[in-house]
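Shown below: query_13.cif, with mmCIF, C-alpha atoms.
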```
data_protein
loop_
_atom_site.label_atom_id
_atom_site.label_comp_id
_atom_site.auth_asym_id
_atom_site.auth_seq_id
_atom_site.Cartn_x
_atom_site.Cartn_y
_atom_site.Cartn_z
CA MET A 11 5.58 45.74 3.00
CA LYS A 12 8.87 43.96 2.31
CA LYS A 13 9.96 44.60 5.89
CA ASN A 14 6.66 43.19 7.24
CA SER A 15 6.98 40.10 5.02
CA LEU A 16 10.51 39.51 6.26
CA LEU A 17 9.40 39.82 9.88
CA ILE A 18 6.58 37.34 9.30
CA GLU A 19 8.97 34.87 7.67
CA ILE A 20 11.43 35.19 10.55
CA ALA A 21 8.61 34.60 13.03
CA ILE A 22 7.51 31.46 11.19
CA ILE A 23 11.06 30.11 11.13
CA PHE A 24 11.40 30.79 14.85
CA LEU A 25 8.10 29.09 15.68
CA VAL A 26 8.80 26.00 13.59
CA SER A 27 12.42 25.74 14.75
CA SER A 28 11.54 26.13 18.41
CA ALA A 29 8.78 23.53 18.05
CA ASN A 30 11.31 21.07 16.67
CA ILE A 31 14.00 21.53 19.33
CA TYR A 32 12.82 18.51 21.31
CA ALA A 33 11.23 16.64 18.41
CA GLN A 34 12.70 13.55 16.84
CA ASP A 35 13.84 13.12 13.27
CA TRP A 36 11.54 11.05 11.06
CA SER A 37 14.35 9.45 9.12
CA GLN A 38 12.71 6.54 7.27
CA PHE A 39 9.54 4.54 6.68
CA ARG A 40 7.46 4.48 9.90
CA GLY A 41 10.05 6.59 11.73
CA PRO A 42 13.47 6.03 13.33
CA GLY A 43 12.54 2.68 14.88
CA ARG A 44 10.44 1.62 11.88
CA ASP A 45 7.62 1.15 14.40
CA GLY A 46 5.42 4.23 13.98
CA ASN A 47 6.57 5.67 17.31
CA VAL A 48 6.69 9.49 17.62
CA THR A 49 8.59 11.05 20.53
CA GLY A 50 8.68 14.64 21.69
CA PHE A 51 4.96 15.17 21.10
CA LYS A 52 2.92 16.82 23.83
CA ALA A 53 -0.81 16.89 23.35
CA PRO A 54 -2.40 20.30 23.96
CA ALA A 55 -4.50 20.74 27.07
CA SER A 56 -7.36 21.67 24.78
CA TRP A 57 -7.32 20.63 21.14
CA PRO A 58 -8.09 23.49 18.72
CA GLY A 59 -11.13 23.48 16.47
CA GLN A 60 -8.84 23.41 13.45
CA LEU A 61 -5.16 23.23 12.62
CA THR A 62 -3.26 26.35 11.58
CA GLN A 63 -1.84 26.09 8.08
CA ILE A 64 1.68 27.56 7.94
CA TRP A 65 2.40 26.92 4.27
CA LYS A 66 1.45 24.70 1.34
CA ILE A 67 3.60 24.06 -1.73
CA LYS A 68 3.35 21.93 -4.89
CA VAL A 69 6.06 19.27 -4.82
CA GLY A 70 4.83 16.70 -7.37
CA THR A 71 2.86 13.47 -7.42
CA GLY A 72 3.64 10.43 -5.33
CA ASP A 73 2.66 8.47 -2.24
CA ALA A 74 6.11 8.37 -0.61
CA SER A 75 6.16 9.83 2.90
CA PRO A 76 8.39 12.84 3.64
CA VAL A 77 11.55 12.38 5.68
CA LEU A 78 12.46 14.99 8.31
CA VAL A 79 16.06 15.31 9.50
CA GLY A 80 17.05 18.32 11.57
CA LYS A 81 16.06 21.48 9.71
CA ASN A 82 15.49 19.76 6.37
CA ILE A 83 12.71 17.71 4.85
CA PHE A 84 13.32 15.29 1.98
CA LEU A 85 10.83 14.01 -0.59
CA ASN A 86 10.75 11.71 -3.61
CA THR A 87 8.11 12.79 -6.13
CA ARG A 88 7.32 12.96 -9.84
CA GLN A 89 7.19 16.21 -11.82
CA GLU A 90 6.28 15.94 -15.52
CA ASP A 91 8.62 13.28 -17.01
CA ASN A 92 11.09 13.18 -14.13
CA GLU A 93 11.39 11.68 -10.70
CA MET A 94 12.56 14.32 -8.25
CA ILE A 95 14.56 14.02 -5.05
CA LEU A 96 13.90 17.23 -3.12
CA CYS A 97 15.46 18.84 -0.07
CA LEU A 98 13.39 21.63 1.47
CA ASP A 99 13.76 23.94 4.43
CA ALA A 100 11.44 22.40 7.02
CA ALA A 101 10.47 25.79 8.44
CA THR A 102 9.62 27.61 5.20
CA GLY A 103 9.23 24.92 2.53
CA LYS A 104 11.79 26.71 0.37
CA ASP A 105 14.00 24.68 -2.00
CA ILE A 106 17.51 23.82 -0.84
CA TRP A 107 18.44 21.43 -3.64
CA ALA A 108 16.83 19.08 -6.16
CA ASP A 109 17.97 16.14 -8.24
CA LYS A 110 16.02 14.73 -11.16
CA TYR A 111 16.21 11.88 -13.64
CA PRO A 112 13.79 10.87 -16.42
CA VAL A 113 11.42 7.96 -15.77
CA ALA A 114 8.70 6.58 -18.03
CA ALA A 115 5.18 7.00 -16.71
CA ALA A 116 3.43 4.15 -14.90
CA THR A 117 0.93 2.31 -17.09
CA GLY A 118 -2.09 0.11 -16.52
CA PRO A 119 -3.89 0.17 -13.13
CA ALA A 120 -0.77 1.64 -11.50
CA ALA A 121 -1.09 4.80 -13.61
CA ALA A 122 -3.51 6.19 -11.01
CA HIS A 123 -0.46 6.55 -8.73
CA PRO A 124 2.19 7.96 -11.09
CA GLY A 125 4.76 9.06 -8.51
CA PRO A 126 7.11 7.15 -6.17
CA ARG A 127 5.57 5.20 -3.32
CA SER A 128 8.75 4.26 -1.43
CA THR A 129 9.69 6.44 1.53
CA PRO A 130 13.32 7.66 1.42
CA ALA A 131 15.78 6.61 4.14
CA PHE A 132 18.40 8.84 5.79
CA ALA A 133 21.61 7.84 7.58
CA ASP A 134 25.21 8.98 7.84
CA GLY A 135 24.57 12.19 5.92
CA LYS A 136 23.05 10.32 2.98
CA ILE A 137 19.53 10.04 1.57
CA VAL A 138 18.44 6.90 -0.31
CA THR A 139 15.40 6.72 -2.60
CA PHE A 140 13.71 3.92 -4.57
CA GLY A 141 11.72 5.08 -7.60
CA ILE A 142 8.67 3.44 -9.17
CA SER A 143 10.75 1.86 -11.94
CA GLY A 144 13.25 0.32 -9.52
CA ILE A 145 15.97 2.98 -9.68
CA LEU A 146 17.87 3.08 -6.39
CA SER A 147 19.71 6.33 -5.62
CA CYS A 148 22.03 7.52 -2.85
CA LEU A 149 22.71 11.25 -2.53
CA ASP A 150 24.70 13.48 -0.24
CA ALA A 151 21.97 14.95 1.98
CA ALA A 152 23.73 18.29 2.36
CA THR A 153 24.43 19.02 -1.32
CA GLY A 154 22.20 16.71 -3.38
CA LYS A 155 25.23 15.27 -5.16
CA VAL A 156 24.61 11.74 -6.46
CA ILE A 157 26.96 9.34 -4.67
CA TRP A 158 25.71 6.29 -6.57
CA ARG A 159 22.66 5.29 -8.60
CA LYS A 160 21.55 1.80 -9.59
CA ASP A 161 19.48 1.76 -12.78
CA ASN A 162 17.07 -1.01 -13.73
CA PRO A 163 17.80 -1.61 -17.43
CA THR A 164 15.59 -4.72 -17.73
CA ASN A 165 12.64 -2.89 -16.11
CA ALA A 166 12.15 -5.79 -13.68
CA ILE A 167 9.40 -4.46 -11.41
CA PRO A 168 6.28 -5.83 -9.69
CA GLN A 169 2.93 -5.62 -11.48
CA PHE A 170 1.98 -2.37 -9.74
CA TYR A 171 5.52 -0.98 -9.71
CA THR A 172 7.65 -0.68 -6.57
CA GLY A 173 6.14 -0.31 -3.12
CA MET A 174 9.01 -1.21 -0.76
CA SER A 175 10.80 1.46 1.28
CA PRO A 176 14.59 0.93 1.57
CA LEU A 177 16.28 0.27 4.90
CA ILE A 178 19.68 1.62 5.99
CA ILE A 179 21.46 -0.28 8.73
CA ASP A 180 25.08 -1.17 9.61
CA ASP A 181 26.41 0.93 6.71
CA MET A 182 24.27 -1.04 4.27
CA CYS A 183 21.27 -0.17 2.11
CA ILE A 184 18.75 -3.02 2.00
CA ALA A 185 16.21 -3.24 -0.83
CA GLN A 186 13.94 -5.76 -2.54
CA VAL A 187 14.13 -5.73 -6.33
CA GLY A 188 12.81 -7.82 -9.20
CA THR A 189 9.49 -8.88 -10.62
CA LYS A 190 6.82 -11.55 -10.15
CA ASP A 191 8.29 -14.97 -9.28
CA ASN A 192 11.81 -13.61 -9.67
CA GLY A 193 13.02 -11.26 -6.96
CA SER A 194 16.09 -10.50 -4.89
CA VAL A 195 16.95 -8.93 -1.58
CA ILE A 196 20.15 -6.94 -1.95
CA ALA A 197 22.51 -5.36 0.56
CA LEU A 198 24.63 -2.55 -0.87
CA ASP A 199 27.54 -0.73 0.71
CA LEU A 200 26.06 2.64 1.64
CA LYS A 201 29.22 4.54 0.70
CA THR A 202 29.92 2.93 -2.67
CA GLY A 203 26.78 1.09 -3.81
CA ASP A 204 28.81 -2.12 -4.17
CA GLU A 205 26.91 -5.33 -3.51
CA LYS A 206 27.72 -6.97 -0.17
CA TRP A 207 25.28 -9.85 -0.47
CA LYS A 208 22.23 -10.97 -2.44
CA TYR A 209 19.41 -13.41 -1.77
CA SER A 210 17.28 -14.52 -4.72
CA GLY A 211 13.88 -16.19 -4.70
CA GLU A 212 10.26 -15.11 -4.86
CA GLY A 213 9.21 -11.75 -6.26
CA PRO A 214 9.05 -8.68 -4.00
CA ALA A 215 5.97 -7.65 -2.06
CA TYR A 216 4.64 -4.12 -1.61
CA ALA A 217 5.66 -4.16 2.06
CA SER A 218 8.90 -2.95 3.67
CA PRO A 219 11.53 -4.89 5.66
CA SER A 220 12.48 -4.41 9.30
CA VAL A 221 15.14 -5.82 11.63
CA MET A 222 14.73 -7.80 14.83
CA VAL A 223 17.40 -9.03 17.25
CA VAL A 224 17.22 -12.58 18.61
CA ASN A 225 20.03 -13.97 20.79
CA LYS A 226 22.14 -10.94 19.81
CA LYS A 227 21.75 -11.85 16.12
CA LYS A 228 20.21 -9.33 13.71
CA LEU A 229 17.56 -10.80 11.43
CA LEU A 230 16.04 -9.05 8.43
CA ILE A 231 12.27 -9.69 8.48
CA LEU A 232 10.41 -9.21 5.20
CA PHE A 233 7.54 -10.25 2.99
CA THR A 234 7.86 -11.59 -0.52
CA GLU A 235 4.88 -12.01 -2.82
CA LYS A 236 4.06 -15.36 -1.16
CA SER A 237 6.01 -15.64 2.10
CA LEU A 238 7.23 -14.09 5.31
CA MET A 239 10.92 -14.80 5.87
CA ALA A 240 14.04 -14.00 7.85
CA LEU A 241 17.58 -13.48 6.53
CA THR A 242 20.64 -12.95 8.69
CA LEU A 243 21.53 -9.31 8.24
CA GLY A 244 25.28 -9.86 7.99
CA ASP A 245 25.27 -12.31 5.07
CA GLY A 246 21.71 -12.65 3.72
CA LYS A 247 21.38 -16.35 4.59
CA LEU A 248 17.81 -17.69 4.82
CA GLN A 249 16.86 -18.65 8.40
CA TRP A 250 13.21 -19.49 8.04
CA GLN A 251 10.30 -18.99 5.66
CA ILE A 252 6.55 -19.10 6.34
CA ALA A 253 3.96 -19.45 3.60
CA ALA A 254 1.91 -16.24 3.52
CA PRO A 255 -0.04 -16.32 0.27
CA PRO A 256 -2.29 -13.30 -0.31
CA GLN A 257 -6.02 -13.94 -0.30
CA GLN A 258 -8.93 -12.69 -2.41
CA ARG A 259 -6.65 -11.92 -5.39
CA PHE A 260 -4.80 -9.24 -3.43
CA TYR A 261 -1.14 -8.73 -2.50
CA ASN A 262 1.23 -8.70 0.46
CA CYS A 263 1.41 -5.00 1.22
CA VAL A 264 1.34 -4.71 5.03
CA SER A 265 4.77 -4.55 6.64
CA PRO A 266 5.55 -6.85 9.59
CA CYS A 267 5.09 -5.39 13.07
CA ILE A 268 7.93 -6.44 15.39
CA ASN A 269 8.08 -6.51 19.17
CA GLY A 270 11.25 -8.08 20.54
CA ASN A 271 11.28 -11.61 19.12
CA ILE A 272 7.56 -11.55 18.21
CA ILE A 273 6.17 -10.72 14.77
CA TYR A 274 2.59 -9.67 14.06
CA TYR A 275 1.64 -9.94 10.40
CA THR A 276 -1.55 -9.47 8.45
CA GLY A 277 -3.10 -9.00 5.04
CA GLN A 278 -6.42 -8.58 3.28
CA GLY A 279 -8.64 -11.57 4.02
CA THR A 280 -5.95 -13.33 6.09
CA GLY A 281 -6.65 -11.99 9.55
CA ILE A 282 -3.77 -11.24 11.94
CA LYS A 283 -1.24 -13.91 12.87
CA THR A 284 1.57 -13.93 15.39
CA VAL A 285 4.79 -15.93 15.62
CA GLU A 286 7.68 -16.03 18.04
CA VAL A 287 11.20 -16.36 16.65
CA VAL A 288 13.36 -18.71 18.70
CA LYS A 289 16.88 -20.09 18.47
CA GLU A 290 17.25 -23.62 17.14
CA GLY A 291 20.72 -25.09 16.88
CA SER A 292 22.86 -22.73 14.83
CA GLY A 293 19.80 -21.08 13.28
CA PHE A 294 16.29 -19.91 14.09
CA LYS A 295 12.71 -21.08 13.69
CA THR A 296 9.23 -19.70 14.30
CA LYS A 297 6.61 -20.80 16.79
CA ASP A 298 2.93 -20.00 16.19
CA LEU A 299 1.35 -18.02 19.03
CA TRP A 300 -2.13 -16.97 17.98
CA SER A 301 -4.31 -16.09 15.01
CA ASN A 302 -7.29 -13.76 14.74
CA PRO A 303 -9.06 -14.52 11.42
CA ALA A 304 -11.68 -11.80 11.92
CA VAL A 305 -9.37 -8.77 11.65
CA GLY A 306 -7.14 -8.23 8.63
CA ALA A 307 -5.64 -5.22 6.93
CA LYS A 308 -5.05 -4.06 3.37
CA TRP A 309 -2.56 -1.18 3.38
CA ASN A 310 -2.07 -0.41 7.06
CA THR A 311 0.66 -1.69 9.39
CA PRO A 312 -0.56 -1.79 13.02
CA VAL A 313 1.17 -0.12 15.95
CA LEU A 314 1.73 -1.77 19.32
CA LYS A 315 0.73 0.32 22.33
CA ASP A 316 0.58 -0.82 25.97
CA GLY A 317 0.05 -4.46 25.03
CA TYR A 318 -2.54 -3.82 22.32
CA LEU A 319 -2.43 -3.62 18.54
CA TYR A 320 -4.23 -0.72 16.85
CA GLY A 321 -4.84 -0.24 13.15
CA PHE A 322 -7.33 0.02 10.29
CA THR A 323 -9.02 -3.18 9.09
CA ASP A 324 -9.50 -4.25 5.49
CA GLN A 325 -13.14 -3.31 6.15
CA ARG A 326 -12.04 0.32 6.74
CA ARG A 327 -12.58 0.41 10.50
CA ILE A 328 -10.27 1.19 13.39
CA TYR A 329 -9.57 -1.83 15.61
CA CYS A 330 -7.90 -2.80 18.88
CA ILE A 331 -6.58 -6.31 19.58
CA ASN A 332 -5.01 -7.80 22.69
CA ALA A 333 -1.43 -8.46 21.56
CA THR A 334 -0.95 -11.29 24.08
CA THR A 335 -4.07 -13.34 23.40
CA GLY A 336 -5.16 -12.15 19.95
CA GLU A 337 -8.68 -11.42 21.19
CA THR A 338 -10.47 -8.50 19.57
CA ALA A 339 -10.98 -5.75 22.16
CA TRP A 340 -13.15 -3.61 19.85
CA ILE A 341 -13.77 -2.54 16.27
CA ASP A 342 -15.22 0.91 15.69
CA ASN A 343 -18.33 1.21 13.53
CA ALA A 344 -17.26 4.31 11.60
CA THR A 345 -16.05 3.72 8.03
CA ASN A 346 -12.71 5.32 7.15
CA SER A 347 -10.39 3.78 4.57
CA ASP A 348 -8.36 0.61 4.11
CA PHE A 349 -5.50 2.79 2.84
CA ALA A 350 -4.31 4.38 6.07
CA THR A 351 -1.31 5.18 8.24
CA LEU A 352 -1.11 5.24 12.03
CA VAL A 353 1.46 6.65 14.48
CA ASP A 354 1.86 6.43 18.24
CA CYS A 355 2.23 9.91 19.74
CA GLY A 356 2.26 8.86 23.38
CA SER A 357 -0.97 10.02 24.98
CA VAL A 358 -2.81 9.76 21.66
CA LEU A 359 -2.73 7.75 18.44
CA ILE A 360 -2.98 9.69 15.18
CA GLY A 361 -4.30 8.06 12.03
CA LEU A 362 -4.38 9.43 8.50
CA PRO A 363 -6.55 7.42 6.10
CA SER A 364 -6.64 8.26 2.40
CA THR A 365 -9.79 10.32 3.04
CA GLY A 366 -7.55 13.18 4.21
CA ASN A 367 -8.99 13.17 7.74
CA LEU A 368 -6.37 13.35 10.49
CA ILE A 369 -7.93 11.29 13.29
CA VAL A 370 -6.76 11.71 16.88
CA PHE A 371 -7.93 9.07 19.37
CA LYS A 372 -6.93 7.72 22.76
CA PRO A 373 -5.13 4.38 23.21
CA ASP A 374 -7.97 2.74 25.13
CA SER A 375 -8.53 -1.02 25.21
CA LYS A 376 -12.10 -0.63 26.47
CA ALA A 377 -13.62 1.29 23.55
CA TYR A 378 -12.82 3.61 20.66
CA SER A 379 -12.36 7.12 22.08
CA GLU A 380 -11.97 9.82 19.45
CA VAL A 381 -10.47 13.12 20.58
CA VAL A 382 -10.73 15.22 17.42
CA LYS A 383 -10.70 14.95 13.65
CA TYR A 384 -9.21 17.43 11.17
CA LYS A 385 -9.59 17.69 7.41
CA VAL A 386 -5.99 18.13 6.20
CA SER A 387 -6.38 17.46 2.48
CA GLU A 388 -9.02 17.68 -0.22
CA THR A 389 -7.16 15.06 -2.27
CA GLN A 390 -6.35 11.50 -1.27
CA VAL A 391 -3.42 10.91 1.08
CA TYR A 392 -1.29 7.76 1.10
CA ALA A 393 1.76 9.05 2.97
CA PHE A 394 2.46 9.11 6.70
CA PRO A 395 1.98 12.42 8.50
CA VAL A 396 5.31 13.61 9.87
CA ILE A 397 4.77 14.98 13.38
CA ALA A 398 7.52 17.05 14.99
CA GLY A 399 6.67 18.85 18.21
CA ASN A 400 3.38 20.57 17.47
CA MET A 401 4.02 20.64 13.71
CA VAL A 402 2.38 18.24 11.25
CA TYR A 403 3.60 17.75 7.67
CA VAL A 404 1.09 16.22 5.25
CA LYS A 405 1.98 15.02 1.74
CA ASP A 406 -1.14 14.63 -0.41
CA ALA A 407 -1.55 13.89 -4.13
CA GLU A 408 0.67 16.78 -5.25
CA SER A 409 1.41 19.10 -2.34
CA LEU A 410 3.22 19.24 0.98
CA THR A 411 1.49 21.21 3.73
CA LEU A 412 2.75 22.27 7.13
CA TYR A 413 0.19 22.61 9.91
CA ARG A 414 0.65 23.75 13.50
CA ILE A 415 -1.36 22.47 16.47
CA GLU A 416 -1.97 25.63 18.50
#
```

In structure tokens, what does this structure look like?
Amino acid sequence: MKKNSLLIEIAIIFLVSSANIYAQDWSQFRGPGRDGNVTGFKAPASWPGQLTQIWKIKVGTGDASPVLVGKNIFLNTRQEDNEMILCLDAATGKDIWADKYPVAAATGPAAAHPGPRSTPAFADGKIVTFGISGILSCLDAATGKVIWRKDNPTNAIPQFYTGMSPLIIDDMCIAQVGTKDNGSVIALDLKTGDEKWKYSGEGPAYASPSVMVVNKKKLLILFTEKSLMALTLGDGKLQWQIAAPPQQRFYNCVSPCINGNIIYYTGQGTGIKTVEVVKEGSGFKTKDLWSNPAVGAKWNTPVLKDGYLYGFTDQRRIYCINATTGETAWIDNATNSDFATLVDCGSVLIGLPSTGNLIVFKPDSKAYSEVVKYKVSETQVYAFPVIAGNMVYVKDAESLTLYRIE
């Protein structure tokens, strides 16, 4: 029996490893380009009736998406009274290393989501996490050794705890910290944790920053609790700021979608708006392009595919909008969830709303065209699916599951 078990394990490792040979790493929030784009995926000629479950393990609570780098998968979760930073073998789910530190439990309405929500970021052999209480950690990805850790002794956090996923770029770790009406954007040296620059102003949002390049200048694009703004990446200087107050007593929690020098941004009750970032003198400004007040989003950042924006509306329906004109191409009638993630897998788009249904549909501007739907979790899901080759990793309320598309 032991021999048979060993052979089965070897076969699983071979299948998963071979499936990942041409698959990309999923190294941060919304993937390597922070745009929800998956490469190396080839849709099957005939989709199976169900996905094949390879393994399922308890990893702890939390809504943070897994990060896949090479043969390892990294997670930030909560187990009992500790936040955990985990490194697992991507083929078998077995532990490689773990780091933990005590964190008080979330209270109030946020207690329903007790674990970390911020997706880790990987670069230069390091993994960075941002816990619910604002603790920022950098670890050696190979060993789990803590390189630096920034505590939050004043417990300055947003009302519903942290929701921003850190960004690593140009040997810096970028994060938004602070509390309501009093926040900061910080850039830390990735190797040492030393502060390189800091911008202070409005409190942080529950969205995550991205970078765009305009006239060869890198701009950090991010939401605060009341605004959309741009800082120069090198020194953190404010370039422009647009009022973006949340509507209907909600919060800025949809990350900006960037295409070249164009930004698409949305929120609950605000519709979708689009601006172009242009050079002006020694700085930059924004130019309004279009606005679609009929389609907004709550917790879903859209993806741009072949000139169209796809996503889940704040009314829990999948939509398609012409990215050039802002006109609504279609909105599907089926109700899903306003908490949802969406990735572009080339020939198909794959969505994962909190209902636990993995939805595969075609990028079609004429009408919604569903290919197949799979139930991948019996508990609610708030993390992105990580798709590598024909393998799909799903983090639900407490577990991580690996599925294979046969």

With region 42-64 of chain A as the partner and 8 Å as the cut-off, tabulate the residues of region 170-286 of chain A that qualify, each row holding the nearest pair of atoms and their distance in Å to one decimal, using only C-alpha atoms, sorted by chain and rising number, as a Markdown table.
```
| residue | atom | partner | partner_atom | distance |
| --- | --- | --- | --- | --- |
| A:Ser220 | CA | A:Arg44 | CA | 6.9 |
| A:Cys267 | CA | A:Asp45 | CA | 7.1 |
| A:Ile268 | CA | A:Asp45 | CA | 7.7 |
```

Take the PyMOL selection byres ((chain A and resi 202-216) around 7), run it mentally on this structure, and tell me the resulting residues as a compact mmCIF listing (two decimals) with C-alpha atoms, in the frame of the given file.
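For reference, part.txt as written:
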```txt
# COMPACT_ATOMS: atom_id res chain seq x y z
CA TRP A 158 25.71 6.29 -6.57
CA PRO A 168 6.28 -5.83 -9.69
CA THR A 172 7.65 -0.68 -6.57
CA GLY A 173 6.14 -0.31 -3.12
CA MET A 174 9.01 -1.21 -0.76
CA GLN A 186 13.94 -5.76 -2.54
CA VAL A 187 14.13 -5.73 -6.33
CA GLY A 188 12.81 -7.82 -9.20
CA THR A 189 9.49 -8.88 -10.62
CA LYS A 190 6.82 -11.55 -10.15
CA ASP A 191 8.29 -14.97 -9.28
CA ASN A 192 11.81 -13.61 -9.67
CA GLY A 193 13.02 -11.26 -6.96
CA SER A 194 16.09 -10.50 -4.89
CA VAL A 195 16.95 -8.93 -1.58
CA ILE A 196 20.15 -6.94 -1.95
CA ALA A 197 22.51 -5.36 0.56
CA LEU A 198 24.63 -2.55 -0.87
CA ASP A 199 27.54 -0.73 0.71
CA LEU A 200 26.06 2.64 1.64
CA LYS A 201 29.22 4.54 0.70
CA ALA A 217 5.66 -4.16 2.06
CA SER A 218 8.90 -2.95 3.67
CA PHE A 233 7.54 -10.25 2.99
CA THR A 234 7.86 -11.59 -0.52
CA GLU A 235 4.88 -12.01 -2.82
CA ASP A 245 25.27 -12.31 5.07
CA GLY A 246 21.71 -12.65 3.72
CA ASN A 262 1.23 -8.70 0.46
CA CYS A 263 1.41 -5.00 1.22
```

Fewer than 2 positions away in the same chain doesn't count, so skip those; otherwise give me all residues within 8 Å of Gln89 (chain A), counting all atoms listed in the file, as a PyMOL selection string. chain A and resi 69-71+87+91-94

re CA of Asn310 (chain A) and CA of Leu352 (chain A): distance 7.6 Å

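Considering the residues A:Asp134, A:Glu380, A:Asp161, A:Asp354 and counting only C-alpha atoms, Asp181 (chain A) has its shortest atom-to-atom contact with A:Asp134.
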
Could you spell out the hits of the PyMOL selection byres ((chain A and resi 376) around 8) on the shown file, as a list in words? Ala339, Trp340, Asp374, Ser375, Ala377 and Tyr378 of chain A

Can you spell out as a PyMOL selection string the set of residues that the PyMOL selection byres ((chain A and resi 361) around 12) selects in the structure I just provided? chain A and resi 46+310-313+320-322+327-329+346-355+358-360+362-373+380-386+391-397+404

d(CA of Phe170 (chain A), CA of Phe260 (chain A)) in Å: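 Atom-to-atom, CA of Phe170 (chain A) and CA of Phe260 (chain A) are spaced 11.5 Å apart.
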
So the first atom is CA of Thr242 (chain A) and the second is CA of Leu319 (chain A); what is the distance between them in Å, to one decimal place? 26.8 Å

Can you report as JSON the centre and edge lengths in Å, to one decimal, of an axis-aligned box around the listed atoms of region 73-91 of chain A padded with 5 Å on each side?
```
{"center_x": 9.9, "center_y": 14.9, "center_z": -2.7, "size_x": 24.4, "size_y": 23.1, "size_z": 38.6}
```

Which one of A:His123, A:Ala101, A:Ser265, A:Ile231 sits closest to Phe39 (chain A) if you count all atoms listed in the file?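 Counting all atoms listed in the file, the residue closest to Phe39 (chain A) is A:Ser265.
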
Counting all atoms listed in the file, figure out which residue out of A:Lys228, A:Lys104, A:Lys295, A:Lys315 gets nearest to Gln251 (chain A).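 Using all atoms listed in the file, Gln251 (chain A) sits closest to A:Lys295.
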
Which residues are near Gly293 (chain A)? Cut-off 12 Å, all atoms listed in the file, ignore same chain within fewer than 6 positions. Put them as a PDB file with C-alpha atoms, in the frame of the given file.
```pdb
ATOM      1  CA  VAL A 224      17.220 -12.580  18.610  1.00  0.00           C
ATOM      2  CA  ASN A 225      20.030 -13.970  20.790  1.00  0.00           C
ATOM      3  CA  LYS A 227      21.750 -11.850  16.120  1.00  0.00           C
ATOM      4  CA  LYS A 228      20.210  -9.330  13.710  1.00  0.00           C
ATOM      5  CA  LEU A 229      17.560 -10.800  11.430  1.00  0.00           C
ATOM      6  CA  ALA A 240      14.040 -14.000   7.850  1.00  0.00           C
ATOM      7  CA  LEU A 241      17.580 -13.480   6.530  1.00  0.00           C
ATOM      8  CA  THR A 242      20.640 -12.950   8.690  1.00  0.00           C
ATOM      9  CA  LYS A 247      21.380 -16.350   4.590  1.00  0.00           C
ATOM     10  CA  LEU A 248      17.810 -17.690   4.820  1.00  0.00           C
ATOM     11  CA  GLN A 249      16.860 -18.650   8.400  1.00  0.00           C
ATOM     12  CA  TRP A 250      13.210 -19.490   8.040  1.00  0.00           C
ATOM     13  CA  VAL A 287      11.200 -16.360  16.650  1.00  0.00           C
TER      14      VAL A 287
END
```

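Nearest-residue note for Ser143 (chain A): choosing from A:Asn165, A:Asn86, A:Ser128, A:Gln390, the minimum distance belongs to A:Asn165, counting only C-alpha atoms.
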
Counting only C-alpha atoms, the option among A:Gly336, A:Gly141, A:Gly281, A:Pro266 closest to Met239 (chain A):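 Going through A:Gly336, A:Gly141, A:Gly281, A:Pro266 one by one, the smallest distance to Met239 (chain A) is for A:Pro266.
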
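Using only C-alpha atoms, the smallest distance between any of A:Gly154, A:Gly270, A:Gly72, A:Gly277 and Ala254 (chain A) comes from A:Gly277.
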
Neighbours of Pro76 (chain A) within 12 Å (all atoms listed in the file; same-chain residues fewer than 3 positions away dropped), as a PyMOL selection string? chain A and resi 35-41+69+72-73+79+82-87+95-98+100+126-132+137+139+175+392-397+402-406+409-412

Keeping only C-alpha atoms, write those residues as a compact mmCIF listing (two decimals), keeping the file's coordinate frame.
```txt
# COMPACT_ATOMS: atom_id res chain seq x y z
CA ASP A 35 13.84 13.12 13.27
CA TRP A 36 11.54 11.05 11.06
CA SER A 37 14.35 9.45 9.12
CA GLN A 38 12.71 6.54 7.27
CA PHE A 39 9.54 4.54 6.68
CA ARG A 40 7.46 4.48 9.90
CA GLY A 41 10.05 6.59 11.73
CA VAL A 69 6.06 19.27 -4.82
CA GLY A 72 3.64 10.43 -5.33
CA ASP A 73 2.66 8.47 -2.24
CA VAL A 79 16.06 15.31 9.50
CA ASN A 82 15.49 19.76 6.37
CA ILE A 83 12.71 17.71 4.85
CA PHE A 84 13.32 15.29 1.98
CA LEU A 85 10.83 14.01 -0.59
CA ASN A 86 10.75 11.71 -3.61
CA THR A 87 8.11 12.79 -6.13
CA ILE A 95 14.56 14.02 -5.05
CA LEU A 96 13.90 17.23 -3.12
CA CYS A 97 15.46 18.84 -0.07
CA LEU A 98 13.39 21.63 1.47
CA ALA A 100 11.44 22.40 7.02
CA PRO A 126 7.11 7.15 -6.17
CA ARG A 127 5.57 5.20 -3.32
CA SER A 128 8.75 4.26 -1.43
CA THR A 129 9.69 6.44 1.53
CA PRO A 130 13.32 7.66 1.42
CA ALA A 131 15.78 6.61 4.14
CA PHE A 132 18.40 8.84 5.79
CA ILE A 137 19.53 10.04 1.57
CA THR A 139 15.40 6.72 -2.60
CA SER A 175 10.80 1.46 1.28
CA TYR A 392 -1.29 7.76 1.10
CA ALA A 393 1.76 9.05 2.97
CA PHE A 394 2.46 9.11 6.70
CA PRO A 395 1.98 12.42 8.50
CA VAL A 396 5.31 13.61 9.87
CA ILE A 397 4.77 14.98 13.38
CA VAL A 402 2.38 18.24 11.25
CA TYR A 403 3.60 17.75 7.67
CA VAL A 404 1.09 16.22 5.25
CA LYS A 405 1.98 15.02 1.74
CA ASP A 406 -1.14 14.63 -0.41
CA SER A 409 1.41 19.10 -2.34
CA LEU A 410 3.22 19.24 0.98
CA THR A 411 1.49 21.21 3.73
CA LEU A 412 2.75 22.27 7.13
```
